[in-house]
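**Student:** Structure file query.cif (mmCIF, C-alpha atoms) right here:
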data_coords
#
loop_
_atom_site.label_atom_id
_atom_site.label_comp_id
_atom_site.auth_asym_id
_atom_site.auth_seq_id
_atom_site.Cartn_x
_atom_site.Cartn_y
_atom_site.Cartn_z
CA MET A 1 34.01 170.47 25.58
CA SER A 2 34.21 166.68 25.80
CA MET A 3 31.82 164.57 27.86
CA PHE A 4 34.77 163.37 30.00
CA HIS A 5 35.83 166.94 30.79
CA ILE A 6 32.27 167.95 31.68
CA LEU A 7 31.94 165.10 34.15
CA PHE A 8 35.39 165.10 35.72
CA ARG A 9 36.58 168.69 35.65
CA GLU A 10 36.25 168.78 39.44
CA ASP A 11 36.37 166.26 42.31
CA ARG A 12 38.13 163.68 40.12
CA GLY A 13 39.82 162.05 43.10
CA LEU A 14 36.51 161.73 44.93
CA TYR A 15 34.80 160.17 41.91
CA LEU A 16 37.63 157.69 41.39
CA GLY A 17 37.49 156.81 45.10
CA ILE A 18 33.74 156.12 44.89
CA PHE A 19 34.20 154.07 41.72
CA PHE A 20 36.99 151.81 43.01
CA ALA A 21 35.52 151.44 46.51
CA THR A 22 32.23 150.30 44.94
CA LEU A 23 34.05 148.01 42.51
CA LEU A 24 35.95 146.32 45.35
CA ILE A 25 32.64 145.58 47.09
CA LYS A 26 31.24 144.09 43.87
CA ILE A 27 34.34 141.93 43.30
CA TRP A 28 34.16 140.65 46.86
CA LEU A 29 30.48 139.73 46.36
CA ILE A 30 31.30 137.94 43.11
CA LEU A 31 33.95 135.88 44.88
CA MET A 32 31.52 135.11 47.71
CA PHE A 33 28.65 134.20 45.36
CA PRO A 34 30.22 132.88 42.12
CA ILE A 35 27.08 131.08 40.87
CA ASP A 36 24.29 133.04 39.19
CA PHE A 37 20.81 131.57 39.57
CA SER A 38 18.78 134.13 37.60
CA ASN A 39 16.86 132.99 34.53
CA ASP A 40 18.26 135.89 32.52
CA ALA A 41 21.83 134.81 33.27
CA PHE A 42 21.38 131.34 31.80
CA GLY A 43 19.51 132.81 28.83
CA ILE A 44 22.25 135.34 28.08
CA VAL A 45 24.99 132.72 28.41
CA ARG A 46 23.07 130.36 26.10
CA ASN A 47 22.44 133.14 23.58
CA THR A 48 26.12 134.11 23.55
CA ALA A 49 27.18 130.51 22.93
CA HIS A 50 24.67 130.12 20.10
CA MET A 51 25.75 133.44 18.54
CA ILE A 52 29.40 132.36 18.58
CA ASN A 53 28.73 128.85 17.28
CA GLY A 54 26.01 129.90 14.85
CA ASP A 55 23.60 127.21 16.01
CA GLY A 56 20.63 126.78 18.33
CA GLU A 57 17.66 129.02 19.06
CA ILE A 58 18.47 132.58 20.11
CA VAL A 59 16.12 134.88 22.02
CA PRO A 60 17.12 138.50 21.23
CA LEU A 61 17.03 140.05 24.68
CA TYR A 62 18.91 143.10 26.02
CA ALA A 63 20.69 144.15 22.83
CA THR A 64 23.39 146.37 24.35
CA TYR A 65 24.25 144.08 27.26
CA THR A 66 24.28 140.90 25.16
CA SER A 67 26.41 142.57 22.47
CA ILE A 68 29.01 143.70 25.02
CA ILE A 69 29.26 140.20 26.48
CA TYR A 70 29.46 138.69 23.00
CA LEU A 71 32.34 141.01 22.01
CA LEU A 72 34.20 140.39 25.28
CA ARG A 73 33.67 136.64 24.89
CA MET A 74 35.40 136.80 21.53
CA VAL A 75 38.59 138.35 22.99
CA THR A 76 38.84 136.71 26.44
CA PRO A 77 40.56 133.39 27.18
CA VAL A 78 38.36 130.33 26.90
CA TYR A 79 38.90 129.36 30.55
CA ILE A 80 37.01 132.49 31.69
CA GLU A 81 33.34 131.57 31.81
CA THR A 82 30.79 133.71 29.97
CA MET A 83 28.77 134.11 33.16
CA HIS A 84 31.78 135.64 34.91
CA ILE A 85 32.21 138.08 32.02
CA GLY A 86 28.60 139.14 32.49
CA LYS A 87 29.13 139.54 36.22
CA MET A 88 32.12 141.83 35.68
CA VAL A 89 30.21 143.93 33.15
CA SER A 90 27.44 144.35 35.74
CA ALA A 91 30.00 145.13 38.48
CA LEU A 92 31.66 147.83 36.37
CA ALA A 93 28.27 149.27 35.45
CA GLY A 94 27.27 149.28 39.12
CA SER A 95 30.44 151.18 40.01
CA PHE A 96 29.67 153.84 37.40
CA ASN A 97 26.13 154.00 38.80
CA ALA A 98 27.48 154.99 42.20
CA VAL A 99 29.49 157.83 40.65
CA PHE A 100 26.60 159.03 38.46
CA LEU A 101 24.19 158.96 41.40
CA PHE A 102 26.64 160.97 43.50
CA MET A 103 26.89 163.58 40.72
CA ILE A 104 23.11 163.77 40.32
CA VAL A 105 22.36 164.20 44.02
CA LYS A 106 25.25 166.64 44.49
CA ARG A 107 23.86 168.80 41.71
CA ILE A 108 20.41 168.80 43.31
CA SER A 109 21.54 169.29 46.91
CA ASN A 110 25.08 169.04 48.34
CA LYS A 111 28.03 166.66 48.78
CA LYS A 112 26.95 165.40 52.21
CA THR A 113 23.50 164.40 50.95
CA ALA A 114 25.06 162.87 47.84
CA PHE A 115 27.45 160.77 49.93
CA ILE A 116 24.65 159.47 52.17
CA ALA A 117 22.44 158.68 49.17
CA THR A 118 25.28 156.84 47.42
CA CYS A 119 26.08 154.76 50.53
CA ILE A 120 22.42 153.74 50.86
CA PHE A 121 22.25 152.95 47.16
CA ILE A 122 25.32 150.71 46.92
CA THR A 123 24.36 148.76 50.07
CA SER A 124 20.78 148.11 48.98
CA PRO A 125 20.30 144.31 48.70
CA TRP A 126 18.49 144.61 45.36
CA ILE A 127 21.23 146.81 43.90
CA MET A 128 24.01 144.52 45.18
CA TRP A 129 22.32 141.49 43.65
CA ASN A 130 21.90 143.21 40.28
CA ASP A 131 25.52 144.39 40.24
CA VAL A 132 26.97 140.89 40.61
CA SER A 133 24.52 139.04 38.36
CA THR A 134 24.60 138.36 34.64
CA ILE A 135 21.57 140.53 33.96
CA ALA A 136 21.09 143.82 32.15
CA SER A 137 19.67 145.82 35.08
CA SER A 138 22.92 147.50 36.17
CA LEU A 139 23.89 148.55 32.64
CA PHE A 140 20.34 149.78 32.08
CA MET A 141 20.67 151.89 35.22
CA THR A 142 24.04 153.26 34.05
CA PHE A 143 22.55 154.64 30.85
CA HIS A 144 19.46 155.82 32.75
CA PHE A 145 21.54 157.72 35.32
CA GLY A 146 23.67 159.13 32.51
CA PHE A 147 20.52 160.41 30.84
CA ILE A 148 19.30 162.11 34.00
CA LEU A 149 22.73 163.63 34.67
CA PHE A 150 23.05 165.17 31.21
CA VAL A 151 19.45 166.41 31.30
CA LEU A 152 20.38 168.26 34.49
CA LEU A 153 23.51 169.57 32.74
CA ASP A 154 21.39 170.75 29.77
CA LYS A 155 23.41 168.63 27.34
CA TYR A 156 20.63 167.73 24.92
CA LYS A 157 22.44 165.60 22.33
CA THR A 158 24.36 163.64 24.97
CA SER A 159 21.16 162.95 26.91
CA LEU A 160 19.58 161.67 23.68
CA MET A 161 22.51 159.30 23.21
CA PHE A 162 22.04 157.91 26.72
CA ALA A 163 18.30 157.58 26.10
CA LEU A 164 19.06 155.55 22.97
CA PHE A 165 21.37 153.14 24.80
CA THR A 166 18.87 152.86 27.66
CA ALA A 167 16.14 151.84 25.21
CA LEU A 168 18.49 149.37 23.50
CA THR A 169 19.34 147.76 26.83
CA ARG A 170 15.74 147.25 27.93
CA PHE A 171 12.49 148.16 26.18
CA GLU A 172 11.15 150.35 28.97
CA GLY A 173 14.02 152.75 28.37
CA SER A 174 11.92 154.11 25.49
CA VAL A 175 9.97 155.97 28.18
CA LEU A 176 12.85 158.48 28.25
CA PHE A 177 11.99 159.52 24.70
CA LEU A 178 8.45 160.24 25.86
CA PHE A 179 9.91 162.50 28.53
CA ILE A 180 12.02 164.33 25.93
CA PHE A 181 8.99 164.70 23.66
CA LEU A 182 6.97 166.22 26.51
CA THR A 183 9.77 168.69 27.24
CA LEU A 184 9.77 169.69 23.56
CA MET A 185 6.02 170.24 23.71
CA ASN A 186 6.51 172.34 26.82
CA ASP A 187 9.09 174.42 24.94
CA LEU A 188 6.56 174.85 22.14
CA ARG A 189 3.97 176.06 24.63
CA LYS A 190 6.45 178.60 26.04
CA ARG A 191 7.51 179.65 22.51
CA ARG A 192 11.04 178.33 22.96
CA PHE A 193 10.65 175.56 20.41
CA SER A 194 13.75 174.48 18.47
CA LYS A 195 13.47 172.71 15.11
CA VAL A 196 17.05 171.50 15.50
CA LYS A 197 16.19 169.78 18.80
CA LEU A 198 13.15 168.17 17.19
CA ALA A 199 15.30 166.89 14.32
CA TYR A 200 17.81 165.34 16.73
CA PHE A 201 14.94 163.79 18.69
CA LEU A 202 13.40 162.21 15.57
CA VAL A 203 16.76 160.80 14.42
CA PHE A 204 17.62 159.20 17.77
CA PHE A 205 14.07 157.95 18.31
CA ALA A 206 14.02 156.32 14.86
CA MET A 207 17.29 154.57 15.68
CA VAL A 208 15.65 152.61 18.53
CA PRO A 209 13.48 150.25 16.41
CA LEU A 210 16.04 150.18 13.59
CA LEU A 211 18.87 149.03 15.87
CA TRP A 212 16.62 146.56 17.70
CA MET A 213 15.58 145.10 14.34
CA SER A 214 19.23 144.94 13.22
CA PHE A 215 20.25 143.15 16.42
CA SER A 216 17.32 140.76 16.06
CA TYR A 217 18.13 140.03 12.42
CA ILE A 218 21.84 139.44 13.09
CA SER A 219 21.00 137.18 16.04
CA THR A 220 18.11 135.16 14.64
CA GLY A 221 17.71 135.98 10.95
CA SER A 222 14.36 137.65 11.66
CA ALA A 223 14.08 141.42 12.12
CA THR A 224 10.87 141.12 14.18
CA GLU A 225 11.83 138.23 16.44
CA PHE A 226 12.67 140.61 19.29
CA LEU A 227 9.07 141.76 19.70
CA SER A 228 7.30 138.86 21.41
CA PRO A 229 9.83 137.21 23.77
CA SER A 230 11.14 140.54 25.07
CA SER A 231 7.76 141.88 26.13
CA PHE A 232 8.38 143.54 29.48
CA ALA A 233 4.88 142.83 30.71
CA SER A 234 5.16 139.09 30.13
CA VAL A 235 8.50 138.97 31.93
CA ALA A 236 7.28 141.07 34.83
CA ASN A 237 4.04 139.16 35.31
CA SER A 238 5.85 135.81 35.32
CA TYR A 239 7.47 136.82 38.62
CA LEU A 240 4.25 137.90 40.31
CA PRO A 241 1.88 135.56 42.21
CA SER A 242 -1.49 135.08 40.59
CA GLU A 243 -3.33 136.98 43.35
CA VAL A 244 -1.16 140.02 42.67
CA GLN A 245 -1.76 139.80 38.92
CA ARG A 246 -5.45 140.40 39.57
CA LEU A 247 -4.64 143.72 41.26
CA ILE A 248 -3.68 145.44 38.02
CA PRO A 249 -4.01 149.04 39.28
CA LEU A 250 -1.71 148.21 42.20
CA PHE A 251 0.82 146.29 40.10
CA PHE A 252 3.77 148.61 40.57
CA LEU A 253 3.12 149.46 44.23
CA VAL A 254 2.60 145.85 45.32
CA GLY A 255 5.60 144.60 43.37
CA TYR A 256 7.72 147.36 44.83
CA ILE A 257 6.78 146.57 48.44
CA LEU A 258 7.35 142.84 47.95
CA ALA A 259 10.76 143.44 46.39
CA LEU A 260 12.30 145.76 48.97
CA THR A 261 12.80 145.66 52.71
CA PRO A 262 10.70 148.02 54.85
CA LEU A 263 13.84 149.97 55.74
CA ILE A 264 14.74 150.73 52.11
CA LEU A 265 11.13 151.64 51.40
CA PHE A 266 11.09 153.98 54.40
CA LEU A 267 14.29 155.66 53.26
CA GLY A 268 12.93 156.04 49.74
CA LEU A 269 9.71 157.66 50.92
CA GLY A 270 11.71 159.89 53.25
CA GLY A 271 13.92 160.95 50.35
CA LEU A 272 10.84 161.71 48.23
CA ILE A 273 9.39 163.92 50.96
CA LEU A 274 12.77 165.66 51.39
CA ALA A 275 13.03 166.27 47.64
CA LEU A 276 9.52 167.73 47.48
CA THR A 277 9.99 170.01 50.49
CA LYS A 278 13.64 171.07 50.61
CA PHE A 279 15.05 170.62 47.11
CA LYS A 280 12.17 171.84 44.97
CA GLY A 281 13.11 172.98 41.48
CA LYS A 282 13.41 172.02 37.83
CA SER A 283 15.93 169.23 38.46
CA VAL A 284 13.76 167.44 41.02
CA ASN A 285 10.66 167.94 38.87
CA ASN A 286 12.41 166.31 35.90
CA ILE A 287 13.44 163.25 37.94
CA LEU A 288 9.96 162.86 39.44
CA SER A 289 8.38 163.22 35.99
CA ILE A 290 10.57 160.42 34.62
CA SER A 291 9.67 158.21 37.60
CA PHE A 292 5.96 158.89 37.06
CA LEU A 293 6.22 157.96 33.36
CA TYR A 294 7.89 154.66 34.30
CA ILE A 295 5.08 153.84 36.74
CA VAL A 296 2.48 154.56 34.06
CA PHE A 297 4.42 152.43 31.57
CA TYR A 298 4.71 149.45 33.93
CA ILE A 299 1.02 149.49 34.85
CA THR A 300 -0.08 150.00 31.24
CA SER A 301 2.13 147.22 29.88
CA SER A 302 0.83 144.90 32.58
CA VAL A 303 -2.78 145.70 31.71
CA PHE A 304 -2.28 145.13 27.97
CA ASN A 305 -0.44 141.88 28.58
CA LEU A 306 -3.22 140.49 30.77
CA VAL A 307 -6.03 141.33 28.35
CA SER A 308 -4.20 140.25 25.21
CA PRO A 309 -5.17 136.86 23.68
#
Output the file's structure as structure tokens, nothing else.

**Tutor:**
Amino acid sequence: MSMFHILFREDRGLYLGIFFATLLIKIWLILMFPIDFSNDAFGIVRNTAHMINGDGEIVPLYATYTSIIYLLRMVTPVYIETMHIGKMVSALAGSFNAVFLFMIVKRISNKKTAFIATCIFITSPWIMWNDVSTIASSLFMTFHFGFILFVLLDKYKTSLMFALFTALTRFEGSVLFLFIFLTLMNDLRKRRFSKVKLAYFLVFFAMVPLLWMSFSYISTGSATEFLSPSSFASVANSYLPSEVQRLIPLFFLVGYILALTPLILFLGLGGLILALTKFKGKSVNNILSISFLYIVFYITSSVFNLVSP
């Protein structure tokens, strides 16, 4: 059974409605705010130009996102700016995110809850900004949501594929492989271990550094160039005030509160309580486990970055 059939064998009209309604919102926002002021946007546009012209210094960031923009740049008319191509890629990714989120929440609870969650998600200021900016966050979230969805559907190989693309979009996506490894160890403990699953895991996990090194070599001529400038901790800490940097144990929590409005934070905490009380089960436990691993990764990477020479 194909991945398309698995996802869209029911409620196709509803999913298409969510996708195009979300896309119209993104297009309207792009028209309202045509200029992108993020540092990543200018870096990606500069990298794409250098890759096409074969000159200048290239910083190998966000392999999947940059590659998509590079390929689209090669086939689109010259009068369409590279930044606008990046914005449309983010807008399309954001529209898929709305559909994937709806599917995930519907599988955990029901359609009404899924609809409310999706409406809150697509109207979140942070999400709207990501979805109309030339940054990799929306595409990263697409692959991440795809991973969660196929984990819930028990589609092991497909979830590994989404984990691979998540890790190739941003480094912290490698956390998903840690989650898969822990599930394999849990299977071993319960005597349900599969050597075939382990083999697939090792193959996909090995592809992460190999593909990053290939992208780095093609972009810069050095297979290891991607390691230092793409450090997540260095990027994250550059956006935090110095007084927050000293609060290493509270890095994630403080950054989270500063980034979101009190209303969104309240809704998120309310959703967490609802998930723990009303929708308990394997699906919710998997999602919470992934979230916990991300928190540990962010704090750990911040600590190592601050103590490194």

**Student:** I'd like the interatomic distance between atom CA of A:Phe215 and atom CA of A:Phe201, to a tenth of an Å.

**Tutor:**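 Computed distance, atom CA of A:Phe215 to atom CA of A:Phe201, equals 21.4 Å.
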
**Student:** Which residue is closest to A:Val75? Choose from A:Ile104, A:Ile52, A:Ala199, A:Ile44 and count only C-alpha atoms.

**Tutor:** A:Ile52

**Student:** Select, from A:Ala49, A:Leu23, A:Leu31, A:Val208, the residue with the minimum atom-to-atom distance to A:Leu176, counting all atoms listed in the file.

**Tutor:**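 Once distances to A:Leu176 are computed over all atoms listed in the file, the minimum belongs to A:Val208.
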
**Student:** Which residue is closest to A:Leu210? Choose from A:Val99, A:Met185, A:Ala63, A:Val45 and count only C-alpha atoms.

**Tutor:**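 Closest residue, counting only C-alpha atoms: A:Ala63.
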
**Student:** Running the PyMOL selection byres ((chain A and resi 127) around 12) on this model by hand, what would come out? Give it as a PyMOL selection string.

**Tutor:** chain A and resi 22+25-26+29+90-91+93-95+97-98+118-126+128-133+135+137-139+141+259-260+264

**Student:** Can you list, as a list in words, the residues that the PyMOL selection byres ((chain A and resi 143) around 8) selects here?

**Tutor:**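 Residues picked by the PyMOL selection byres ((chain A and resi 143) around 8): Leu139, Phe140, Met141, Thr142, His144, Phe145, Gly146, Phe147, Phe162, Ala163, Phe165 and Thr166 of chain A.
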
**Student:** Between atom CA of A:Ser216 and atom CA of A:Leu72, what is the distance in Å, rounded to a tenth?

**Tutor:** 19.2 Å

**Student:** Hey, can you check how far atom CA of A:Phe42 sits from atom CA of A:Phe96?

**Tutor:**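 Calculated distance between atom CA of A:Phe42 and atom CA of A:Phe96 is 24.6 Å.
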
**Student:** Pick the closest to A:Gly17 from A:Gly173, A:Phe204, A:Phe102, A:Lys112: which is it, counting all atoms listed in the file?

**Tutor:** A:Phe102

**Student:** Pick the closest to A:Ile30 from A:Ser67, A:Val175, A:Arg170, A:Ile85: which is it, counting all atoms listed in the file?

**Tutor:**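 Going through A:Ser67, A:Val175, A:Arg170, A:Ile85 one by one, the smallest distance to A:Ile30 is for A:Ile85.
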
**Student:** Would you mind putting N, CA and C atoms back on stretch 125-148 of chain A and writing the result as a PDB file, in the frame of the given file?

**Tutor:**
ATOM      1  N   PRO A 125      20.204 145.719  49.119  1.00  0.00           N
ATOM      2  CA  PRO A 125      20.300 144.310  48.700  1.00  0.00           C
ATOM      3  C   PRO A 125      19.949 144.091  47.233  1.00  0.00           C
ATOM      4  N   TRP A 126      18.908 144.773  46.759  1.00  0.00           N
ATOM      5  CA  TRP A 126      18.490 144.610  45.360  1.00  0.00           C
ATOM      6  C   TRP A 126      19.574 145.104  44.420  1.00  0.00           C
ATOM      7  N   ILE A 127      20.185 146.250  44.738  1.00  0.00           N
ATOM      8  CA  ILE A 127      21.230 146.810  43.900  1.00  0.00           C
ATOM      9  C   ILE A 127      22.463 145.891  43.914  1.00  0.00           C
ATOM     10  N   MET A 128      22.842 145.412  45.084  1.00  0.00           N
ATOM     11  CA  MET A 128      24.010 144.520  45.180  1.00  0.00           C
ATOM     12  C   MET A 128      23.794 143.257  44.370  1.00  0.00           C
ATOM     13  N   TRP A 129      22.594 142.713  44.408  1.00  0.00           N
ATOM     14  CA  TRP A 129      22.320 141.490  43.650  1.00  0.00           C
ATOM     15  C   TRP A 129      22.409 141.755  42.154  1.00  0.00           C
ATOM     16  N   ASN A 130      21.831 142.870  41.708  1.00  0.00           N
ATOM     17  CA  ASN A 130      21.900 143.210  40.280  1.00  0.00           C
ATOM     18  C   ASN A 130      23.335 143.387  39.805  1.00  0.00           C
ATOM     19  N   ASP A 131      24.162 144.017  40.653  1.00  0.00           N
ATOM     20  CA  ASP A 131      25.520 144.390  40.240  1.00  0.00           C
ATOM     21  C   ASP A 131      26.488 143.214  40.198  1.00  0.00           C
ATOM     22  N   VAL A 132      26.081 142.067  40.678  1.00  0.00           N
ATOM     23  CA  VAL A 132      26.970 140.890  40.610  1.00  0.00           C
ATOM     24  C   VAL A 132      26.289 139.746  39.876  1.00  0.00           C
ATOM     25  N   SER A 133      25.253 140.058  39.112  1.00  0.00           N
ATOM     26  CA  SER A 133      24.520 139.040  38.360  1.00  0.00           C
ATOM     27  C   SER A 133      24.663 139.298  36.857  1.00  0.00           C
ATOM     28  N   THR A 134      24.527 138.245  36.096  1.00  0.00           N
ATOM     29  CA  THR A 134      24.600 138.360  34.640  1.00  0.00           C
ATOM     30  C   THR A 134      23.228 138.752  34.111  1.00  0.00           C
ATOM     31  N   ILE A 135      22.837 139.967  34.418  1.00  0.00           N
ATOM     32  CA  ILE A 135      21.570 140.530  33.960  1.00  0.00           C
ATOM     33  C   ILE A 135      21.820 141.969  33.520  1.00  0.00           C
ATOM     34  N   ALA A 136      20.881 142.517  32.773  1.00  0.00           N
ATOM     35  CA  ALA A 136      21.090 143.820  32.150  1.00  0.00           C
ATOM     36  C   ALA A 136      20.726 145.006  33.042  1.00  0.00           C
ATOM     37  N   SER A 137      20.215 144.747  34.243  1.00  0.00           N
ATOM     38  CA  SER A 137      19.670 145.820  35.080  1.00  0.00           C
ATOM     39  C   SER A 137      20.693 146.898  35.414  1.00  0.00           C
ATOM     40  N   SER A 138      21.908 146.512  35.770  1.00  0.00           N
ATOM     41  CA  SER A 138      22.920 147.500  36.170  1.00  0.00           C
ATOM     42  C   SER A 138      23.334 148.379  34.996  1.00  0.00           C
ATOM     43  N   LEU A 139      23.527 147.764  33.826  1.00  0.00           N
ATOM     44  CA  LEU A 139      23.890 148.550  32.640  1.00  0.00           C
ATOM     45  C   LEU A 139      22.737 149.469  32.242  1.00  0.00           C
ATOM     46  N   PHE A 140      21.521 148.963  32.341  1.00  0.00           N
ATOM     47  CA  PHE A 140      20.340 149.780  32.080  1.00  0.00           C
ATOM     48  C   PHE A 140      20.334 151.003  32.988  1.00  0.00           C
ATOM     49  N   MET A 141      20.650 150.795  34.265  1.00  0.00           N
ATOM     50  CA  MET A 141      20.670 151.890  35.220  1.00  0.00           C
ATOM     51  C   MET A 141      21.796 152.879  34.925  1.00  0.00           C
ATOM     52  N   THR A 142      22.934 152.376  34.406  1.00  0.00           N
ATOM     53  CA  THR A 142      24.040 153.260  34.050  1.00  0.00           C
ATOM     54  C   THR A 142      23.611 154.257  32.980  1.00  0.00           C
ATOM     55  N   PHE A 143      23.008 153.755  31.925  1.00  0.00           N
ATOM     56  CA  PHE A 143      22.550 154.640  30.850  1.00  0.00           C
ATOM     57  C   PHE A 143      21.426 155.563  31.339  1.00  0.00           C
ATOM     58  N   HIS A 144      20.569 155.028  32.206  1.00  0.00           N
ATOM     59  CA  HIS A 144      19.460 155.820  32.750  1.00  0.00           C
ATOM     60  C   HIS A 144      20.005 156.967  33.608  1.00  0.00           C
ATOM     61  N   PHE A 145      20.930 156.673  34.504  1.00  0.00           N
ATOM     62  CA  PHE A 145      21.540 157.720  35.320  1.00  0.00           C
ATOM     63  C   PHE A 145      22.280 158.730  34.456  1.00  0.00           C
ATOM     64  N   GLY A 146      22.973 158.231  33.425  1.00  0.00           N
ATOM     65  CA  GLY A 146      23.670 159.130  32.510  1.00  0.00           C
ATOM     66  C   GLY A 146      22.701 160.082  31.837  1.00  0.00           C
ATOM     67  N   PHE A 147      21.545 159.557  31.448  1.00  0.00           N
ATOM     68  CA  PHE A 147      20.520 160.410  30.840  1.00  0.00           C
ATOM     69  C   PHE A 147      20.085 161.500  31.793  1.00  0.00           C
ATOM     70  N   ILE A 148      19.758 161.123  33.015  1.00  0.00           N
ATOM     71  CA  ILE A 148      19.300 162.110  34.000  1.00  0.00           C
ATOM     72  C   ILE A 148      20.382 163.163  34.246  1.00  0.00           C
TER      73      ILE A 148
END
